[in-house]
Amino acid sequence: MAKKIIIVGASSGIGKAIAQMELKNGSSVVLLARREKELESIAKATNKGKDKRVHVIAFDVTKFNMAKKTFEKAVSLLGGLDEVYYASGIMPAIEKTEYNTSKDLDMIAVNLSGAIAFLNPAAEFFSKQNSGKIIGISSIAGERGRKGNPVYNTSKAGLNTYLEALRNRLSESNVQVTTIKPGFVITEMTKGLNLPTKGLLKAISAEEAAKQIVYAVAEKKDECFVPGIWALVGLIIRNIPNFIFKKMSI
């Protein structure tokens, strides 16, 4: 069934893959990201003749004071709203001995504060509508505070808690909130990382991740690890005692 969807962070990676999949399914979509040219290329491939189901809005998620107005503009372009995805995220490289406040605050701004600024208006809209779906793309990294990138973990843990709280609050208004927790996914953000290519935890493509995410949303799941094997990994990680976890090189 055709839907009206907003995707924040649609210029690349999982957000782009979700957009392309939903467009193939016949949905109307508003694409938001800073890189307008990339969004326009997606729109050009779909908008042909009178079939103009893709709208593009150049938007920087760190411009928090513009989030509500941008959300309202997107809803107006669609003539309503069924689902909103927040897929924006950054993960700059952090050296082992690096404590870079500038990088850290950028991660908080994009991965967490930007989500709150944009999804709060969505929550209010869906609450009044008594229907709708909010989907946040988080990460397995939010399950525990790991050595490699402390604030990336923090931003995703905060996003998890925010989405859970929205889910509990909006359940009274028939609104679905789904938290997506991907493992290793091949995207621009993970470019340069030594991702596994074999085994149960091998990295998957953004397109495969999108398939699993769209399915999880359709199944009305509260939370979904992508791929599913990461649910077991998350369970194990969460239950490792602190004194052991502190000594692990992860």
# chains A, B, ... in the order shown; residues from 1 in each chain; ligands from 1
$ residues_around --residues "Ser173 in chain A" --least-positions-apart "2" --cutoff "10 Å" --atoms "only C-alpha atoms" --output "count of residues only"
15
$ select_by_dssp --residues "range 128-219 of chain A" --states "strand (DSSP E or B)" --output "PyMOL selection string"
chain A and resi 133-137+176-182+185-186+204-205
$ write_last_selection --atoms "N, CA and C atoms" --output "PDB file, in the first residue's frame"
ATOM      1  N   LYS A 133       3.921   6.208  12.346  1.00  0.00           N
ATOM      2  CA  LYS A 133       5.078   5.401  12.734  1.00  0.00           C
ATOM      3  C   LYS A 133       6.337   6.260  12.746  1.00  0.00           C
ATOM      4  N   ILE A 134       7.103   6.125  13.817  1.00  0.00           N
ATOM      5  CA  ILE A 134       8.395   6.786  13.952  1.00  0.00           C
ATOM      6  C   ILE A 134       9.462   5.707  14.003  1.00  0.00           C
ATOM      7  N   ILE A 135      10.466   5.836  13.140  1.00  0.00           N
ATOM      8  CA  ILE A 135      11.531   4.834  13.089  1.00  0.00           C
ATOM      9  C   ILE A 135      12.869   5.532  13.247  1.00  0.00           C
ATOM     10  N   GLY A 136      13.630   5.135  14.244  1.00  0.00           N
ATOM     11  CA  GLY A 136      14.951   5.706  14.478  1.00  0.00           C
ATOM     12  C   GLY A 136      16.034   4.687  14.190  1.00  0.00           C
ATOM     13  N   ILE A 137      17.012   5.065  13.376  1.00  0.00           N
ATOM     14  CA  ILE A 137      18.137   4.176  13.079  1.00  0.00           C
ATOM     15  C   ILE A 137      19.232   4.419  14.111  1.00  0.00           C
ATOM     16  N   GLN A 176       3.205   3.911  16.520  1.00  0.00           N
ATOM     17  CA  GLN A 176       4.282   2.930  16.604  1.00  0.00           C
ATOM     18  C   GLN A 176       5.633   3.629  16.586  1.00  0.00           C
ATOM     19  N   VAL A 177       6.520   3.227  17.480  1.00  0.00           N
ATOM     20  CA  VAL A 177       7.896   3.729  17.487  1.00  0.00           C
ATOM     21  C   VAL A 177       8.835   2.528  17.442  1.00  0.00           C
ATOM     22  N   THR A 178       9.654   2.462  16.429  1.00  0.00           N
ATOM     23  CA  THR A 178      10.554   1.326  16.241  1.00  0.00           C
ATOM     24  C   THR A 178      12.000   1.774  16.318  1.00  0.00           C
ATOM     25  N   THR A 179      12.780   1.098  17.146  1.00  0.00           N
ATOM     26  CA  THR A 179      14.209   1.360  17.274  1.00  0.00           C
ATOM     27  C   THR A 179      14.972   0.313  16.471  1.00  0.00           C
ATOM     28  N   ILE A 180      15.759   0.760  15.510  1.00  0.00           N
ATOM     29  CA  ILE A 180      16.547  -0.135  14.678  1.00  0.00           C
ATOM     30  C   ILE A 180      17.993  -0.110  15.153  1.00  0.00           C
ATOM     31  N   LYS A 181      18.565  -1.294  15.382  1.00  0.00           N
ATOM     32  CA  LYS A 181      19.931  -1.389  15.891  1.00  0.00           C
ATOM     33  C   LYS A 181      20.785  -2.225  14.941  1.00  0.00           C
ATOM     34  N   PRO A 182      21.342  -1.588  13.913  1.00  0.00           N
ATOM     35  CA  PRO A 182      22.178  -2.329  12.963  1.00  0.00           C
ATOM     36  C   PRO A 182      23.523  -2.730  13.570  1.00  0.00           C
ATOM     37  N   VAL A 185      27.225  -2.611   8.746  1.00  0.00           N
ATOM     38  CA  VAL A 185      26.575  -2.307   7.470  1.00  0.00           C
ATOM     39  C   VAL A 185      27.559  -1.503   6.626  1.00  0.00           C
ATOM     40  N   ILE A 186      27.668  -1.863   5.359  1.00  0.00           N
ATOM     41  CA  ILE A 186      28.602  -1.195   4.451  1.00  0.00           C
ATOM     42  C   ILE A 186      27.978   0.114   3.964  1.00  0.00           C
ATOM     43  N   ILE A 204      26.770  -6.411   6.044  1.00  0.00           N
ATOM     44  CA  ILE A 204      25.769  -6.521   4.982  1.00  0.00           C
ATOM     45  C   ILE A 204      25.663  -5.185   4.252  1.00  0.00           C
ATOM     46  N   SER A 205      25.053  -5.211   3.086  1.00  0.00           N
ATOM     47  CA  SER A 205      24.878  -3.987   2.305  1.00  0.00           C
ATOM     48  C   SER A 205      23.768  -3.129   2.899  1.00  0.00           C
TER      49      SER A 205
END
$ residues_around --residues "Thr70 in chain A" --least-positions-apart "3" --cutoff "9 Å" --atoms "only C-alpha atoms" --output "PyMOL selection string"
chain A and resi 57+59+66-67+73-75+118
$ closest_residue --among "A:Ala93, A:Leu235, A:Ile42, A:Ala17" --to "Ala209 in chain A" --atoms "only C-alpha atoms"
A:Ala17
$ atom_distance --atom1 "CA of Ile244 in chain A" --atom2 "CA of Gly145 in chain A"
13.0 Å
$ closest_atom_pairs --of "range 45-133 of chain A" --to "range 20-33 of chain A" --cutoff "7 Å" --atoms "only C-alpha atoms" --output "Markdown table"
| residue | atom | partner | partner_atom | distance |
| --- | --- | --- | --- | --- |
| A:Arg53 | CA | A:Ser28 | CA | 4.5 |
| A:Val54 | CA | A:Val29 | CA | 5.1 |
| A:His55 | CA | A:Val30 | CA | 4.6 |
| A:Val56 | CA | A:Leu31 | CA | 5.0 |
| A:Ile57 | CA | A:Leu32 | CA | 5.1 |
| A:Ala58 | CA | A:Ala33 | CA | 5.4 |
| A:Phe59 | CA | A:Ala33 | CA | 5.0 |
| A:Asp60 | CA | A:Ala33 | CA | 6.3 |
| A:Ala74 | CA | A:Val30 | CA | 6.2 |
| A:Leu78 | CA | A:Ser28 | CA | 7.0 |
$ residues_around --residues "Ile250 in chain A" --least-positions-apart "4" --cutoff "10 Å" --atoms "only C-alpha atoms" --output "ChimeraX atom specification"
/A:145-149,245-246
$ write_last_selection --atoms "C-alpha atoms" --output "PDB file, in the first residue's frame"
ATOM      1  CA  GLY A 145      30.061   2.017  26.612  1.00  0.00           C
ATOM      2  CA  ARG A 146      33.024   0.728  24.607  1.00  0.00           C
ATOM      3  CA  LYS A 147      36.589   2.012  24.445  1.00  0.00           C
ATOM      4  CA  GLY A 148      36.786   2.767  20.739  1.00  0.00           C
ATOM      5  CA  ASN A 149      34.413   5.705  20.406  1.00  0.00           C
ATOM      6  CA  PHE A 245      34.151  -5.705  30.074  1.00  0.00           C
ATOM      7  CA  LYS A 246      36.644  -3.077  31.198  1.00  0.00           C
TER       8      LYS A 246
END
$ residues_around --residues "Pro227 in chain A" --least-positions-apart "4" --cutoff "12 Å" --atoms "only C-alpha atoms" --output "compact mmCIF listing (two decimals) with N, CA and C atoms, in the first residue's frame"
# COMPACT_ATOMS: atom_id res chain seq x y z
N SER A 139 22.03 1.91 16.71
CA SER A 139 23.19 1.05 16.45
C SER A 139 23.39 0.08 17.60
N ILE A 140 24.00 -1.05 17.30
CA ILE A 140 24.42 -1.99 18.34
C ILE A 140 25.38 -1.30 19.31
N ILE A 180 15.76 0.76 15.51
CA ILE A 180 16.55 -0.14 14.68
C ILE A 180 17.99 -0.11 15.15
N LYS A 181 18.56 -1.29 15.38
CA LYS A 181 19.93 -1.39 15.89
C LYS A 181 20.78 -2.22 14.94
N PRO A 182 21.34 -1.59 13.91
CA PRO A 182 22.18 -2.33 12.96
C PRO A 182 23.52 -2.73 13.57
N GLY A 183 24.07 -3.82 13.03
CA GLY A 183 25.44 -4.20 13.32
C GLY A 183 26.34 -3.64 12.25
N PHE A 184 27.12 -4.49 11.61
CA PHE A 184 28.02 -4.02 10.56
C PHE A 184 27.27 -3.85 9.24
N VAL A 185 27.23 -2.61 8.75
CA VAL A 185 26.58 -2.31 7.47
C VAL A 185 27.56 -1.50 6.63
N LEU A 200 29.03 -15.23 10.84
CA LEU A 200 27.70 -14.80 11.26
C LEU A 200 27.59 -13.29 11.39
N LEU A 201 28.70 -12.64 11.71
CA LEU A 201 28.67 -11.20 11.93
C LEU A 201 29.22 -10.41 10.74
N LYS A 202 29.21 -11.00 9.57
CA LYS A 202 29.74 -10.30 8.39
C LYS A 202 28.90 -9.07 8.08
N ALA A 203 29.56 -8.09 7.50
CA ALA A 203 28.88 -6.84 7.14
C ALA A 203 27.91 -7.09 5.99
N ILE A 204 26.77 -6.41 6.04
CA ILE A 204 25.77 -6.52 4.98
C ILE A 204 25.66 -5.19 4.25
N SER A 205 25.05 -5.21 3.09
CA SER A 205 24.88 -3.99 2.30
C SER A 205 23.77 -3.13 2.90
N ALA A 206 23.79 -1.86 2.55
CA ALA A 206 22.72 -0.95 2.99
C ALA A 206 21.38 -1.41 2.45
N GLU A 208 20.40 -4.55 1.84
CA GLU A 208 19.91 -5.67 2.64
C GLU A 208 19.40 -5.18 3.99
N ALA A 209 20.11 -4.23 4.59
CA ALA A 209 19.66 -3.66 5.86
C ALA A 209 18.29 -3.01 5.69
N ALA A 210 18.11 -2.29 4.59
CA ALA A 210 16.83 -1.62 4.33
C ALA A 210 15.68 -2.62 4.24
N LYS A 211 15.92 -3.74 3.57
CA LYS A 211 14.88 -4.78 3.45
C LYS A 211 14.43 -5.25 4.83
N GLN A 212 15.41 -5.51 5.69
CA GLN A 212 15.09 -6.01 7.02
C GLN A 212 14.39 -4.95 7.87
N ILE A 213 14.79 -3.71 7.69
CA ILE A 213 14.19 -2.61 8.44
C ILE A 213 12.75 -2.38 8.03
N TYR A 215 10.75 -4.44 6.67
CA TYR A 215 9.97 -5.60 7.13
C TYR A 215 9.64 -5.47 8.62
N ALA A 216 10.63 -5.09 9.43
CA ALA A 216 10.41 -4.94 10.87
C ALA A 216 9.36 -3.89 11.17
N ALA A 231 20.98 -9.43 17.91
CA ALA A 231 20.19 -9.46 19.14
C ALA A 231 20.88 -10.33 20.18
N LEU A 232 21.45 -11.45 19.72
CA LEU A 232 22.20 -12.32 20.63
C LEU A 232 23.47 -11.64 21.10
N VAL A 233 24.15 -10.98 20.19
CA VAL A 233 25.37 -10.24 20.56
C VAL A 233 25.05 -9.17 21.60
N GLY A 234 23.95 -8.44 21.37
CA GLY A 234 23.55 -7.41 22.32
C GLY A 234 23.25 -7.98 23.69
$ select_by_dssp --residues "range 4-183 of chain A" --states "alpha helix (DSSP H)" --output "count of residues only"
80
$ decode --residues "range 98-139 of chain A" --atoms "N, CA and C atoms" --output "PDB file, in the first residue's frame"
ATOM      1  N   GLU A  98      42.705   9.893  21.852  1.00  0.00           N
ATOM      2  CA  GLU A  98      42.103  11.173  21.474  1.00  0.00           C
ATOM      3  C   GLU A  98      40.849  11.462  22.291  1.00  0.00           C
ATOM      4  N   TYR A  99      40.770  12.669  22.807  1.00  0.00           N
ATOM      5  CA  TYR A  99      39.578  13.145  23.507  1.00  0.00           C
ATOM      6  C   TYR A  99      39.202  14.474  22.869  1.00  0.00           C
ATOM      7  N   ASN A 100      38.433  14.391  21.801  1.00  0.00           N
ATOM      8  CA  ASN A 100      38.172  15.543  20.947  1.00  0.00           C
ATOM      9  C   ASN A 100      36.745  16.041  21.176  1.00  0.00           C
ATOM     10  N   THR A 101      36.630  17.087  21.949  1.00  0.00           N
ATOM     11  CA  THR A 101      35.312  17.598  22.312  1.00  0.00           C
ATOM     12  C   THR A 101      34.526  18.069  21.100  1.00  0.00           C
ATOM     13  N   SER A 102      35.197  18.655  20.134  1.00  0.00           N
ATOM     14  CA  SER A 102      34.515  19.141  18.936  1.00  0.00           C
ATOM     15  C   SER A 102      33.852  17.998  18.176  1.00  0.00           C
ATOM     16  N   LYS A 103      34.601  16.925  17.952  1.00  0.00           N
ATOM     17  CA  LYS A 103      34.033  15.746  17.286  1.00  0.00           C
ATOM     18  C   LYS A 103      32.895  15.151  18.116  1.00  0.00           C
ATOM     19  N   ASP A 104      33.103  15.100  19.413  1.00  0.00           N
ATOM     20  CA  ASP A 104      32.098  14.489  20.294  1.00  0.00           C
ATOM     21  C   ASP A 104      30.782  15.259  20.272  1.00  0.00           C
ATOM     22  N   LEU A 105      30.880  16.576  20.343  1.00  0.00           N
ATOM     23  CA  LEU A 105      29.662  17.382  20.337  1.00  0.00           C
ATOM     24  C   LEU A 105      28.964  17.325  18.976  1.00  0.00           C
ATOM     25  N   ASP A 106      29.742  17.178  17.907  1.00  0.00           N
ATOM     26  CA  ASP A 106      29.135  17.009  16.585  1.00  0.00           C
ATOM     27  C   ASP A 106      28.324  15.720  16.534  1.00  0.00           C
ATOM     28  N   MET A 107      28.856  14.661  17.108  1.00  0.00           N
ATOM     29  CA  MET A 107      28.123  13.392  17.133  1.00  0.00           C
ATOM     30  C   MET A 107      26.835  13.499  17.933  1.00  0.00           C
ATOM     31  N   ILE A 108      26.902  14.150  19.071  1.00  0.00           N
ATOM     32  CA  ILE A 108      25.696  14.335  19.886  1.00  0.00           C
ATOM     33  C   ILE A 108      24.662  15.154  19.114  1.00  0.00           C
ATOM     34  N   ALA A 109      25.135  16.187  18.414  1.00  0.00           N
ATOM     35  CA  ALA A 109      24.230  17.072  17.676  1.00  0.00           C
ATOM     36  C   ALA A 109      23.496  16.336  16.569  1.00  0.00           C
ATOM     37  N   VAL A 110      24.223  15.550  15.781  1.00  0.00           N
ATOM     38  CA  VAL A 110      23.611  14.854  14.649  1.00  0.00           C
ATOM     39  C   VAL A 110      22.857  13.603  15.081  1.00  0.00           C
ATOM     40  N   ASN A 111      23.500  12.777  15.896  1.00  0.00           N
ATOM     41  CA  ASN A 111      22.942  11.464  16.230  1.00  0.00           C
ATOM     42  C   ASN A 111      21.816  11.510  17.253  1.00  0.00           C
ATOM     43  N   LEU A 112      21.837  12.500  18.132  1.00  0.00           N
ATOM     44  CA  LEU A 112      20.842  12.540  19.206  1.00  0.00           C
ATOM     45  C   LEU A 112      20.009  13.818  19.206  1.00  0.00           C
ATOM     46  N   SER A 113      20.651  14.959  19.344  1.00  0.00           N
ATOM     47  CA  SER A 113      19.887  16.212  19.436  1.00  0.00           C
ATOM     48  C   SER A 113      19.077  16.477  18.174  1.00  0.00           C
ATOM     49  N   GLY A 114      19.658  16.181  17.019  1.00  0.00           N
ATOM     50  CA  GLY A 114      18.931  16.358  15.766  1.00  0.00           C
ATOM     51  C   GLY A 114      17.703  15.478  15.691  1.00  0.00           C
ATOM     52  N   ALA A 115      17.834  14.262  16.199  1.00  0.00           N
ATOM     53  CA  ALA A 115      16.691  13.337  16.224  1.00  0.00           C
ATOM     54  C   ALA A 115      15.581  13.878  17.118  1.00  0.00           C
ATOM     55  N   ILE A 116      15.954  14.371  18.277  1.00  0.00           N
ATOM     56  CA  ILE A 116      14.960  14.908  19.210  1.00  0.00           C
ATOM     57  C   ILE A 116      14.256  16.114  18.594  1.00  0.00           C
ATOM     58  N   ALA A 117      15.033  17.013  17.989  1.00  0.00           N
ATOM     59  CA  ALA A 117      14.458  18.229  17.420  1.00  0.00           C
ATOM     60  C   ALA A 117      13.474  17.925  16.298  1.00  0.00           C
ATOM     61  N   PHE A 118      13.750  16.897  15.496  1.00  0.00           N
ATOM     62  CA  PHE A 118      12.870  16.588  14.376  1.00  0.00           C
ATOM     63  C   PHE A 118      11.733  15.650  14.765  1.00  0.00           C
ATOM     64  N   LEU A 119      12.007  14.702  15.646  1.00  0.00           N
ATOM     65  CA  LEU A 119      10.985  13.706  15.984  1.00  0.00           C
ATOM     66  C   LEU A 119       9.976  14.200  17.020  1.00  0.00           C
ATOM     67  N   ASN A 120      10.342  15.216  17.799  1.00  0.00           N
ATOM     68  CA  ASN A 120       9.344  15.789  18.714  1.00  0.00           C
ATOM     69  C   ASN A 120       8.131  16.342  17.955  1.00  0.00           C
ATOM     70  N   PRO A 121       8.311  17.138  16.906  1.00  0.00           N
ATOM     71  CA  PRO A 121       7.153  17.589  16.124  1.00  0.00           C
ATOM     72  C   PRO A 121       6.397  16.428  15.484  1.00  0.00           C
ATOM     73  N   ALA A 122       7.136  15.389  15.065  1.00  0.00           N
ATOM     74  CA  ALA A 122       6.478  14.216  14.491  1.00  0.00           C
ATOM     75  C   ALA A 122       5.618  13.514  15.535  1.00  0.00           C
ATOM     76  N   ALA A 123       6.151  13.398  16.748  1.00  0.00           N
ATOM     77  CA  ALA A 123       5.401  12.761  17.832  1.00  0.00           C
ATOM     78  C   ALA A 123       4.125  13.538  18.140  1.00  0.00           C
ATOM     79  N   GLU A 124       4.240  14.852  18.180  1.00  0.00           N
ATOM     80  CA  GLU A 124       3.071  15.691  18.453  1.00  0.00           C
ATOM     81  C   GLU A 124       2.030  15.541  17.331  1.00  0.00           C
ATOM     82  N   PHE A 125       2.493  15.527  16.085  1.00  0.00           N
ATOM     83  CA  PHE A 125       1.594  15.384  14.927  1.00  0.00           C
ATOM     84  C   PHE A 125       0.867  14.040  14.966  1.00  0.00           C
ATOM     85  N   PHE A 126       1.617  12.967  15.169  1.00  0.00           N
ATOM     86  CA  PHE A 126       1.011  11.636  15.179  1.00  0.00           C
ATOM     87  C   PHE A 126       0.092  11.434  16.375  1.00  0.00           C
ATOM     88  N   SER A 127       0.446  12.053  17.505  1.00  0.00           N
ATOM     89  CA  SER A 127      -0.399  11.948  18.690  1.00  0.00           C
ATOM     90  C   SER A 127      -1.774  12.537  18.426  1.00  0.00           C
ATOM     91  N   LYS A 128      -1.805  13.675  17.762  1.00  0.00           N
ATOM     92  CA  LYS A 128      -3.086  14.311  17.430  1.00  0.00           C
ATOM     93  C   LYS A 128      -3.835  13.527  16.348  1.00  0.00           C
ATOM     94  N   GLN A 129      -3.079  12.883  15.463  1.00  0.00           N
ATOM     95  CA  GLN A 129      -3.667  12.116  14.375  1.00  0.00           C
ATOM     96  C   GLN A 129      -4.154  10.741  14.841  1.00  0.00           C
ATOM     97  N   ASN A 130      -3.596  10.289  15.980  1.00  0.00           N
ATOM     98  CA  ASN A 130      -3.896   8.959  16.519  1.00  0.00           C
ATOM     99  C   ASN A 130      -3.470   7.836  15.584  1.00  0.00           C
ATOM    100  N   SER A 131      -2.394   8.057  14.870  1.00  0.00           N
ATOM    101  CA  SER A 131      -1.806   7.024  14.025  1.00  0.00           C
ATOM    102  C   SER A 131      -0.475   7.532  13.507  1.00  0.00           C
ATOM    103  N   GLY A 132       0.358   6.603  13.043  1.00  0.00           N
ATOM    104  CA  GLY A 132       1.644   6.976  12.477  1.00  0.00           C
ATOM    105  C   GLY A 132       2.767   6.098  13.007  1.00  0.00           C
ATOM    106  N   LYS A 133       3.921   6.208  12.346  1.00  0.00           N
ATOM    107  CA  LYS A 133       5.078   5.401  12.734  1.00  0.00           C
ATOM    108  C   LYS A 133       6.337   6.260  12.746  1.00  0.00           C
ATOM    109  N   ILE A 134       7.103   6.125  13.817  1.00  0.00           N
ATOM    110  CA  ILE A 134       8.395   6.786  13.952  1.00  0.00           C
ATOM    111  C   ILE A 134       9.462   5.707  14.003  1.00  0.00           C
ATOM    112  N   ILE A 135      10.466   5.836  13.140  1.00  0.00           N
ATOM    113  CA  ILE A 135      11.531   4.834  13.089  1.00  0.00           C
ATOM    114  C   ILE A 135      12.869   5.532  13.247  1.00  0.00           C
ATOM    115  N   GLY A 136      13.630   5.135  14.244  1.00  0.00           N
ATOM    116  CA  GLY A 136      14.951   5.706  14.478  1.00  0.00           C
ATOM    117  C   GLY A 136      16.034   4.687  14.190  1.00  0.00           C
ATOM    118  N   ILE A 137      17.012   5.065  13.376  1.00  0.00           N
ATOM    119  CA  ILE A 137      18.137   4.176  13.079  1.00  0.00           C
ATOM    120  C   ILE A 137      19.232   4.419  14.111  1.00  0.00           C
ATOM    121  N   SER A 138      19.346   3.505  15.048  1.00  0.00           N
ATOM    122  CA  SER A 138      20.345   3.603  16.105  1.00  0.00           C
ATOM    123  C   SER A 138      21.526   2.699  15.755  1.00  0.00           C
ATOM    124  N   SER A 139      22.029   1.907  16.705  1.00  0.00           N
ATOM    125  CA  SER A 139      23.185   1.054  16.451  1.00  0.00           C
ATOM    126  C   SER A 139      23.386   0.079  17.601  1.00  0.00           C
TER     127      SER A 139
END
